[in-house]
Amino acid sequence: MTAEEIFEELLSMTKYNRGLSFTVGRRVWNRKKLQYTLSIFYKNLYVIHSYFLVENGLEVSRGVDSSYNYFYQVFGDDKKEDIEGIVKKWNGK
């Protein structure tokens with residue numbers, strides 16, 4: 001899934017209609033390693049940060065972090081696993 005598709009899906013799951021935004025980044029560590037990041041914010045406050053690391057064309061690691069207070073404020077108590085599953089589908093585009 002692309003970042004835009006993920007953002008639209010997460011937007012439909014929030015309690016709020018406005019204030020949610022995202023950024024996508026790509027960082028080169030050396031010639032072999034690339035890190036892709038997807039960060040989602042609510043009113044410029046960090047809510048979710050997802051990344052994956054690619055080395056020599058193969059995915060080495062993937063992770064999702066969330067800000068505890070803002071995550072539950074925006075998405076609610078029972079959606080953590082669902083949202084992390086959606087964010088992990090991100091393909092770096």
# chains A, B, ... in the order shown; residues from 1 in each chain; ligands from 1
>>> residues_around(residues="Arg18 of chain A", least_positions_apart="3", cutoff="12 Å", atoms="only C-alpha atoms", output="ChimeraX atom specification")
/A:11-12,14-15,21,41-44,74
>>> write_last_selection(atoms="C-alpha atoms", output="short mmCIF file (atom, residue, chain, number, x, y, z; two decimals), in the first residue's frame")
data_model
loop_
_atom_site.label_atom_id
_atom_site.label_comp_id
_atom_site.auth_asym_id
_atom_site.auth_seq_id
_atom_site.Cartn_x
_atom_site.Cartn_y
_atom_site.Cartn_z
CA LEU A 11 -8.34 8.89 8.52
CA SER A 12 -11.55 6.89 8.29
CA THR A 14 -10.07 8.43 13.64
CA LYS A 15 -12.39 10.23 15.98
CA SER A 21 -1.17 14.71 8.55
CA PHE A 41 0.85 13.47 13.19
CA TYR A 42 -2.22 14.93 14.85
CA LYS A 43 -2.06 18.73 15.02
CA ASN A 44 1.74 18.55 14.58
CA VAL A 74 -6.96 10.05 18.18
#
>>> select_by_dssp(residues="segment 17-55 of chain A", states="strand (DSSP E)", output="ChimeraX atom specification")
/A:20-28,33-42,45-55
>>> residues_around(residues="Val47 of chain A", least_positions_apart="5", cutoff="10 Å", atoms="only C-alpha atoms", output="list in words")
Leu20, Ser21, Phe22, Ser39, Ile40, Phe41, Tyr42, Asp65, Ser66, Ser67, Tyr68, Asn69, Tyr70, Phe71, Tyr72, Gln73, Val74 and Phe75 of chain A
>>> select_by_dssp(residues="chain A", states="alpha helix (DSSP H)", output="list in words")
Ala3, Glu4, Glu5, Ile6, Phe7, Glu8, Glu9, Leu10, Leu11, Ser12, Met13, Tyr68, Asn69, Tyr70, Phe71, Tyr72, Gln73, Val74, Phe75, Lys80, Glu81, Asp82, Ile83, Glu84, Gly85, Ile86 and Val87 of chain A
>>> closest_atom_pairs(of="segment 6-52 of chain A", to="segment 79-92 of chain A", cutoff="10 Å", atoms="only C-alpha atoms", output="JSON lines")
{"residue": "A:Ile6", "atom": "CA", "partner": "A:Val87", "partner_atom": "CA", "distance": 6.6}
{"residue": "A:Phe7", "atom": "CA", "partner": "A:Val87", "partner_atom": "CA", "distance": 8.8}
{"residue": "A:Glu9", "atom": "CA", "partner": "A:Ile86", "partner_atom": "CA", "distance": 8.2}
{"residue": "A:Leu10", "atom": "CA", "partner": "A:Ile83", "partner_atom": "CA", "distance": 7.2}
{"residue": "A:Met13", "atom": "CA", "partner": "A:Lys79", "partner_atom": "CA", "distance": 8.7}
{"residue": "A:Thr14", "atom": "CA", "partner": "A:Lys79", "partner_atom": "CA", "distance": 9.8}
{"residue": "A:Val24", "atom": "CA", "partner": "A:Gly92", "partner_atom": "CA", "distance": 8.2}
{"residue": "A:Gly25", "atom": "CA", "partner": "A:Gly92", "partner_atom": "CA", "distance": 8.6}
{"residue": "A:Arg26", "atom": "CA", "partner": "A:Gly92", "partner_atom": "CA", "distance": 8.2}
{"residue": "A:Gln35", "atom": "CA", "partner": "A:Gly92", "partner_atom": "CA", "distance": 9.1}
{"residue": "A:Tyr36", "atom": "CA", "partner": "A:Gly92", "partner_atom": "CA", "distance": 5.9}
{"residue": "A:Thr37", "atom": "CA", "partner": "A:Gly92", "partner_atom": "CA", "distance": 7.6}
{"residue": "A:Leu38", "atom": "CA", "partner": "A:Gly92", "partner_atom": "CA", "distance": 8.1}
{"residue": "A:Ser39", "atom": "CA", "partner": "A:Val87", "partner_atom": "CA", "distance": 9.9}
{"residue": "A:Ile40", "atom": "CA", "partner": "A:Val87", "partner_atom": "CA", "distance": 10.0}
{"residue": "A:Ile48", "atom": "CA", "partner": "A:Glu84", "partner_atom": "CA", "distance": 8.8}
{"residue": "A:His49", "atom": "CA", "partner": "A:Val87", "partner_atom": "CA", "distance": 9.0}
{"residue": "A:Ser50", "atom": "CA", "partner": "A:Val87", "partner_atom": "CA", "distance": 6.9}
{"residue": "A:Tyr51", "atom": "CA", "partner": "A:Lys88", "partner_atom": "CA", "distance": 8.6}
{"residue": "A:Phe52", "atom": "CA", "partner": "A:Gly92", "partner_atom": "CA", "distance": 8.2}
>>> atom_distance(atom1="atom CA of Lys33 of chain A", atom2="atom CA of Glu8 of chain A")
29.0 Å
>>> closest_residue(among="A:Gly57, A:Gly76, A:Gly63, A:Gly19", to="Leu34 of chain A", atoms="only C-alpha atoms")
A:Gly57
>>> atom_distance(atom1="atom CA of Val60 of chain A", atom2="atom CA of Asn30 of chain A")
14.4 Å
